[in-house]
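Dumped data.txt below, it's compact mmCIF, C-alpha atoms:
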# COMPACT_ATOMS: atom_id res chain seq x y z
CA GLN A 1 3.74 -8.11 -17.75
CA VAL A 2 2.41 -7.00 -14.40
CA GLN A 3 1.51 -3.39 -13.73
CA VAL A 4 0.89 -1.81 -10.35
CA VAL A 5 -0.83 1.57 -10.18
CA GLU A 6 -1.46 3.56 -7.01
CA SER A 7 -3.79 6.51 -6.61
CA GLY A 8 -5.47 8.58 -3.95
CA GLY A 9 -2.61 10.59 -2.50
CA GLY A 10 -2.76 14.31 -1.91
CA LEU A 11 -2.42 17.15 0.55
CA VAL A 12 -4.37 16.87 3.79
CA GLN A 13 -4.37 18.73 7.08
CA PRO A 14 -3.25 17.02 10.29
CA GLY A 15 -6.07 14.90 11.62
CA GLY A 16 -7.51 14.38 8.17
CA SER A 17 -8.07 11.22 6.15
CA LEU A 18 -7.08 9.78 2.80
CA ARG A 19 -7.86 6.52 1.03
CA LEU A 20 -5.18 5.08 -1.20
CA SER A 21 -5.97 2.58 -3.93
CA CYS A 22 -3.77 0.15 -5.80
CA GLU A 23 -4.73 -1.95 -8.80
CA VAL A 24 -2.63 -4.78 -10.18
CA THR A 25 -3.17 -5.74 -13.81
CA GLY A 26 -1.53 -8.06 -16.29
CA ARG A 27 -0.82 -11.76 -16.45
CA ILE A 28 -1.76 -12.73 -12.93
CA PHE A 29 -3.14 -16.19 -12.33
CA GLY A 30 -3.44 -16.23 -8.58
CA ILE A 31 -4.15 -14.23 -5.48
CA TYR A 32 -1.22 -13.08 -3.38
CA PRO A 33 -0.46 -11.10 -0.24
CA MET A 34 -0.17 -7.39 -0.91
CA LYS A 35 1.63 -4.66 0.95
CA TRP A 36 1.82 -0.92 1.36
CA TYR A 37 5.19 0.72 1.94
CA ARG A 38 6.17 4.34 2.32
CA GLN A 39 9.31 6.38 1.91
CA ALA A 40 9.82 9.80 3.41
CA PRO A 41 12.50 12.17 2.09
CA GLY A 42 15.93 11.11 3.28
CA LYS A 43 14.63 7.92 4.87
CA GLN A 44 14.53 4.27 3.91
CA ARG A 45 11.41 2.69 2.54
CA GLU A 46 9.39 1.10 5.33
CA LEU A 47 6.56 -1.39 5.51
CA VAL A 48 3.21 0.09 6.51
CA ALA A 49 0.75 -2.78 6.23
CA THR A 50 0.31 -6.26 4.81
CA ILE A 51 -2.85 -8.08 3.85
CA ALA A 52 -2.96 -11.83 3.34
CA VAL A 53 -5.04 -13.64 0.77
CA ASN A 54 -7.71 -14.32 3.37
CA GLY A 55 -7.81 -10.68 4.44
CA TRP A 56 -5.72 -11.00 7.58
CA ALA A 57 -3.93 -7.71 8.10
CA THR A 58 -0.81 -6.69 9.97
CA TYR A 59 0.50 -3.19 10.58
CA ALA A 60 3.66 -1.37 11.52
CA GLU A 61 3.73 -0.08 15.08
CA PHE A 62 3.65 3.53 13.97
CA VAL A 63 0.20 2.99 12.42
CA GLU A 64 -1.31 2.90 15.93
CA SER A 65 -4.70 1.67 14.66
CA ARG A 66 -5.11 4.76 12.45
CA PHE A 67 -4.88 2.90 9.13
CA ALA A 68 -6.88 0.02 7.68
CA ILE A 69 -5.79 -2.13 4.76
CA SER A 70 -8.36 -4.00 2.69
CA ARG A 71 -8.55 -5.80 -0.61
CA ASN A 72 -10.87 -6.77 -3.43
CA ASN A 73 -9.64 -10.02 -4.92
CA ARG A 74 -11.99 -9.82 -7.91
CA LYS A 75 -10.37 -6.53 -8.88
CA ASN A 76 -6.81 -7.45 -7.82
CA SER A 77 -6.89 -4.29 -5.77
CA VAL A 78 -5.76 -3.23 -2.34
CA TYR A 79 -6.68 -0.12 -0.37
CA LEU A 80 -5.28 1.81 2.55
CA GLN A 81 -7.68 3.94 4.58
CA MET A 82 -5.62 6.43 6.58
CA ASN A 83 -7.23 8.39 9.39
CA SER A 84 -5.89 10.81 11.99
CA LEU A 85 -3.00 11.65 9.72
CA LYS A 86 0.09 13.27 11.19
CA PRO A 87 2.81 15.37 9.53
CA GLU A 88 5.20 12.45 10.03
CA ASP A 89 2.99 10.36 7.74
CA THR A 90 4.17 12.53 4.85
CA ALA A 91 5.80 10.21 2.32
CA VAL A 92 5.46 8.55 -1.03
CA TYR A 93 3.30 5.46 -0.56
CA TYR A 94 3.99 2.39 -2.66
CA CYS A 95 1.99 -0.74 -3.33
CA ASN A 96 3.84 -4.04 -3.57
CA ILE A 97 2.98 -7.53 -4.70
CA ARG A 98 5.30 -10.49 -4.89
CA ILE A 99 4.47 -13.22 -7.39
CA PRO A 100 6.38 -16.39 -6.51
CA GLU A 101 5.78 -17.99 -9.91
CA PHE A 102 7.75 -15.17 -11.49
CA ASP A 103 10.17 -14.88 -8.54
CA ALA A 104 9.64 -11.15 -8.71
CA ASP A 105 8.43 -8.17 -6.73
CA TYR A 106 6.32 -5.56 -8.46
CA TRP A 107 6.02 -1.93 -7.40
CA GLY A 108 3.91 0.98 -8.47
CA GLN A 109 5.21 4.45 -9.17
CA GLY A 110 4.01 5.64 -5.77
CA THR A 111 1.51 8.24 -4.66
CA GLN A 112 2.51 11.30 -2.65
CA VAL A 113 0.83 11.91 0.69
CA THR A 114 1.52 15.26 2.31
CA VAL A 115 0.15 16.09 5.75
CA SER A 116 0.51 19.76 6.49
CA SER A 117 -1.44 22.71 7.79

Starting from the file, lay out its structure as structure tokens.
Amino acid sequence: QVQVVESGGGLVQPGGSLRLSCEVTGRIFGIYPMKWYRQAPGKQRELVATIAVNGWATYAEFVESRFAISRNNRKNSVYLQMNSLKPEDTAVYYCNIRIPEFDADYWGQGTQVTVSS
């Protein structure tokens, strides 16, 4: 079994910052790329950022250099530092890991981020 647990969401004013965390536990025998997605009400889930095993990161265009993804391979964890938050960043943020050996994608329950004054 593989479990994915996100944390760190909350309510923040426009221009504020949040740091999301995601920990993957269970029978994992390797290191894999990890991703953050988000889903706003009434919209499709969209990819926010990806981090490769070696730490190479890619971002969606809407991030505009405001977010930074990082990882700790010893802890099977990934983080998303979000700065200069905007109301349109309001969404549930999900962590994702795909394990090829199991041919499966694993998702957490999500963490709510609300940007509002």

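Residues surrounding stretch 17-19 of chain A within 6 Å are Gly8, Leu80, Gln81, Met82 and Asn83 of chain A [only C-alpha atoms; sequence separation below 2 positions excluded].
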
At what distance in Å, to one decimal, does atom CA of A:Met34 lie from atom CA of A:Val12?
->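 Separation between atom CA of A:Val12 and atom CA of A:Met34: 25.1 Å.
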
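Coordinates place atom CA of A:Pro87 at a distance of 24.8 Å from atom CA of A:Ile51.
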
Pick from A:Ala57, A:Ser7, A:Gln1, A:Thr90, whichever lies nearest to A:Ser116 using all atoms listed in the file | A:Thr90

Name the residues in contact with A:Pro14 at a cut-off of 9 Å, using all atoms listed in the file, excluding same-chain residues fewer than 5 positions from it; report them as a PyMOL selection string.
-> chain A and resi 84-87+115-117

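Shortest atom-to-atom contact with A:Glu64 among A:Tyr32, A:Ala49, A:Arg98, A:Glu23: A:Ala49, counting only C-alpha atoms.
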
Suppose you want the space between atom CA of A:Lys43 and atom CA of A:Ser21; what is it in Å?
-> 23.0 Å

Which of these, A:Cys22, A:Val92, A:Val48, A:Leu11, has the shortest distance to A:Trp36 once you count only C-alpha atoms?
->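 Nearest to A:Trp36: A:Val48.
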
Proximity to A:Val24 - best of A:Asn76, A:Asn54, A:Ser70, A:Asn96, all atoms listed in the file =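 Using all atoms listed in the file, A:Val24 sits closest to A:Asn76.
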
Draw an axis-aligned box tight on the listed atoms of stretch 69-77 of chain A, then pad every side by 3 Å and write out centre and edge lengths in Å to one decimal as AutoDock Vina command-line options.
--center_x -8.9 --center_y -6.1 --center_z -2.1 --size_x 12.2 --size_y 13.9 --size_z 19.6

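Proximity of A:Ala68, A:Val113, A:Ile99, A:Val4 to A:Pro41, computed with all atoms listed in the file, is greatest for A:Val113.
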
Could you please fill out stretch 70-81 of chain A with all heavy atoms and send it back as a PDB file, in the coordinates of the input?
ATOM      1  N   SER A  70      -7.313  -3.080   3.154  1.00  0.00           N
ATOM      2  CA  SER A  70      -8.360  -4.000   2.690  1.00  0.00           C
ATOM      3  C   SER A  70      -8.067  -4.380   1.247  1.00  0.00           C
ATOM      4  O   SER A  70      -7.192  -3.784   0.617  1.00  0.00           O
ATOM      5  CB  SER A  70      -9.747  -3.355   2.811  1.00  0.00           C
ATOM      6  OG  SER A  70      -9.819  -2.170   2.039  1.00  0.00           O
ATOM      7  N   ARG A  71      -8.807  -5.357   0.750  1.00  0.00           N
ATOM      8  CA  ARG A  71      -8.550  -5.800  -0.610  1.00  0.00           C
ATOM      9  C   ARG A  71      -9.835  -6.260  -1.284  1.00  0.00           C
ATOM     10  O   ARG A  71     -10.804  -6.621  -0.616  1.00  0.00           O
ATOM     11  CB  ARG A  71      -7.515  -6.930  -0.626  1.00  0.00           C
ATOM     12  CG  ARG A  71      -7.941  -8.218   0.029  1.00  0.00           C
ATOM     13  CD  ARG A  71      -6.763  -9.208   0.104  1.00  0.00           C
ATOM     14  NE  ARG A  71      -6.311  -9.566  -1.238  1.00  0.00           N
ATOM     15  CZ  ARG A  71      -5.091 -10.015  -1.503  1.00  0.00           C
ATOM     16  NH1 ARG A  71      -4.200 -10.150  -0.527  1.00  0.00           N
ATOM     17  NH2 ARG A  71      -4.753 -10.338  -2.747  1.00  0.00           N
ATOM     18  N   ASN A  72      -9.788  -6.229  -2.606  1.00  0.00           N
ATOM     19  CA  ASN A  72     -10.870  -6.770  -3.430  1.00  0.00           C
ATOM     20  C   ASN A  72     -10.217  -7.752  -4.389  1.00  0.00           C
ATOM     21  O   ASN A  72      -9.563  -7.333  -5.362  1.00  0.00           O
ATOM     22  CB  ASN A  72     -11.591  -5.653  -4.176  1.00  0.00           C
ATOM     23  CG  ASN A  72     -12.770  -6.156  -4.988  1.00  0.00           C
ATOM     24  OD1 ASN A  72     -12.730  -7.258  -5.535  1.00  0.00           O
ATOM     25  ND2 ASN A  72     -13.818  -5.369  -5.060  1.00  0.00           N
ATOM     26  N   ASN A  73     -10.338  -9.019  -4.113  1.00  0.00           N
ATOM     27  CA  ASN A  73      -9.640 -10.020  -4.920  1.00  0.00           C
ATOM     28  C   ASN A  73     -10.161 -10.082  -6.350  1.00  0.00           C
ATOM     29  O   ASN A  73      -9.407 -10.402  -7.274  1.00  0.00           O
ATOM     30  CB  ASN A  73      -9.743 -11.385  -4.247  1.00  0.00           C
ATOM     31  CG  ASN A  73      -8.927 -11.459  -2.974  1.00  0.00           C
ATOM     32  OD1 ASN A  73      -7.976 -10.705  -2.785  1.00  0.00           O
ATOM     33  ND2 ASN A  73      -9.292 -12.363  -2.083  1.00  0.00           N
ATOM     34  N   ARG A  74     -11.446  -9.780  -6.535  1.00  0.00           N
ATOM     35  CA  ARG A  74     -11.990  -9.820  -7.910  1.00  0.00           C
ATOM     36  C   ARG A  74     -11.343  -8.753  -8.777  1.00  0.00           C
ATOM     37  O   ARG A  74     -11.198  -8.906  -9.985  1.00  0.00           O
ATOM     38  CB  ARG A  74     -13.496  -9.645  -7.898  1.00  0.00           C
ATOM     39  CG  ARG A  74     -14.272 -10.847  -7.375  1.00  0.00           C
ATOM     40  CD  ARG A  74     -15.759 -10.700  -7.642  1.00  0.00           C
ATOM     41  NE  ARG A  74     -16.291  -9.490  -7.051  1.00  0.00           N
ATOM     42  CZ  ARG A  74     -16.707  -8.435  -7.758  1.00  0.00           C
ATOM     43  NH1 ARG A  74     -16.644  -8.450  -9.073  1.00  0.00           N
ATOM     44  NH2 ARG A  74     -17.186  -7.375  -7.149  1.00  0.00           N
ATOM     45  N   LYS A  75     -10.962  -7.648  -8.145  1.00  0.00           N
ATOM     46  CA  LYS A  75     -10.370  -6.530  -8.880  1.00  0.00           C
ATOM     47  C   LYS A  75      -8.851  -6.479  -8.755  1.00  0.00           C
ATOM     48  O   LYS A  75      -8.232  -5.533  -9.260  1.00  0.00           O
ATOM     49  CB  LYS A  75     -10.960  -5.207  -8.389  1.00  0.00           C
ATOM     50  CG  LYS A  75     -12.451  -5.052  -8.636  1.00  0.00           C
ATOM     51  CD  LYS A  75     -12.937  -3.693  -8.163  1.00  0.00           C
ATOM     52  CE  LYS A  75     -14.414  -3.505  -8.453  1.00  0.00           C
ATOM     53  NZ  LYS A  75     -14.892  -2.163  -7.999  1.00  0.00           N
ATOM     54  N   ASN A  76      -8.265  -7.482  -8.072  1.00  0.00           N
ATOM     55  CA  ASN A  76      -6.810  -7.450  -7.820  1.00  0.00           C
ATOM     56  C   ASN A  76      -6.397  -6.086  -7.288  1.00  0.00           C
ATOM     57  O   ASN A  76      -5.420  -5.483  -7.751  1.00  0.00           O
ATOM     58  CB  ASN A  76      -6.028  -7.763  -9.108  1.00  0.00           C
ATOM     59  CG  ASN A  76      -6.049  -9.238  -9.432  1.00  0.00           C
ATOM     60  OD1 ASN A  76      -6.029 -10.082  -8.543  1.00  0.00           O
ATOM     61  ND2 ASN A  76      -6.097  -9.559 -10.698  1.00  0.00           N
ATOM     62  N   SER A  77      -7.132  -5.619  -6.317  1.00  0.00           N
ATOM     63  CA  SER A  77      -6.890  -4.290  -5.770  1.00  0.00           C
ATOM     64  C   SER A  77      -6.711  -4.348  -4.260  1.00  0.00           C
ATOM     65  O   SER A  77      -7.255  -5.230  -3.587  1.00  0.00           O
ATOM     66  CB  SER A  77      -8.063  -3.365  -6.107  1.00  0.00           C
ATOM     67  OG  SER A  77      -8.145  -3.135  -7.506  1.00  0.00           O
ATOM     68  N   VAL A  78      -5.960  -3.385  -3.770  1.00  0.00           N
ATOM     69  CA  VAL A  78      -5.760  -3.230  -2.340  1.00  0.00           C
ATOM     70  C   VAL A  78      -5.924  -1.762  -1.998  1.00  0.00           C
ATOM     71  O   VAL A  78      -5.646  -0.885  -2.835  1.00  0.00           O
ATOM     72  CB  VAL A  78      -4.365  -3.767  -1.912  1.00  0.00           C
ATOM     73  CG1 VAL A  78      -3.246  -2.941  -2.543  1.00  0.00           C
ATOM     74  CG2 VAL A  78      -4.228  -3.779  -0.399  1.00  0.00           C
ATOM     75  N   TYR A  79      -6.383  -1.488  -0.798  1.00  0.00           N
ATOM     76  CA  TYR A  79      -6.680  -0.120  -0.370  1.00  0.00           C
ATOM     77  C   TYR A  79      -6.032   0.147   0.978  1.00  0.00           C
ATOM     78  O   TYR A  79      -5.772  -0.772   1.756  1.00  0.00           O
ATOM     79  CB  TYR A  79      -8.196   0.065  -0.278  1.00  0.00           C
ATOM     80  CG  TYR A  79      -8.926  -0.421  -1.504  1.00  0.00           C
ATOM     81  CD1 TYR A  79      -9.463  -1.707  -1.538  1.00  0.00           C
ATOM     82  CD2 TYR A  79      -9.036   0.370  -2.633  1.00  0.00           C
ATOM     83  CE1 TYR A  79     -10.109  -2.181  -2.674  1.00  0.00           C
ATOM     84  CE2 TYR A  79      -9.679  -0.095  -3.777  1.00  0.00           C
ATOM     85  CZ  TYR A  79     -10.207  -1.363  -3.782  1.00  0.00           C
ATOM     86  OH  TYR A  79     -10.840  -1.831  -4.915  1.00  0.00           O
ATOM     87  N   LEU A  80      -5.796   1.419   1.248  1.00  0.00           N
ATOM     88  CA  LEU A  80      -5.280   1.810   2.550  1.00  0.00           C
ATOM     89  C   LEU A  80      -6.063   3.034   3.010  1.00  0.00           C
ATOM     90  O   LEU A  80      -5.895   4.128   2.453  1.00  0.00           O
ATOM     91  CB  LEU A  80      -3.780   2.126   2.489  1.00  0.00           C
ATOM     92  CG  LEU A  80      -3.127   2.400   3.839  1.00  0.00           C
ATOM     93  CD1 LEU A  80      -3.119   1.119   4.695  1.00  0.00           C
ATOM     94  CD2 LEU A  80      -1.699   2.908   3.663  1.00  0.00           C
ATOM     95  N   GLN A  81      -6.937   2.835   3.977  1.00  0.00           N
ATOM     96  CA  GLN A  81      -7.680   3.940   4.580  1.00  0.00           C
ATOM     97  C   GLN A  81      -6.825   4.513   5.696  1.00  0.00           C
ATOM     98  O   GLN A  81      -6.463   3.788   6.642  1.00  0.00           O
ATOM     99  CB  GLN A  81      -9.017   3.453   5.132  1.00  0.00           C
ATOM    100  CG  GLN A  81      -9.815   4.520   5.852  1.00  0.00           C
ATOM    101  CD  GLN A  81     -10.286   5.622   4.925  1.00  0.00           C
ATOM    102  OE1 GLN A  81     -10.758   5.357   3.821  1.00  0.00           O
ATOM    103  NE2 GLN A  81     -10.161   6.867   5.370  1.00  0.00           N
TER     104      GLN A  81
END
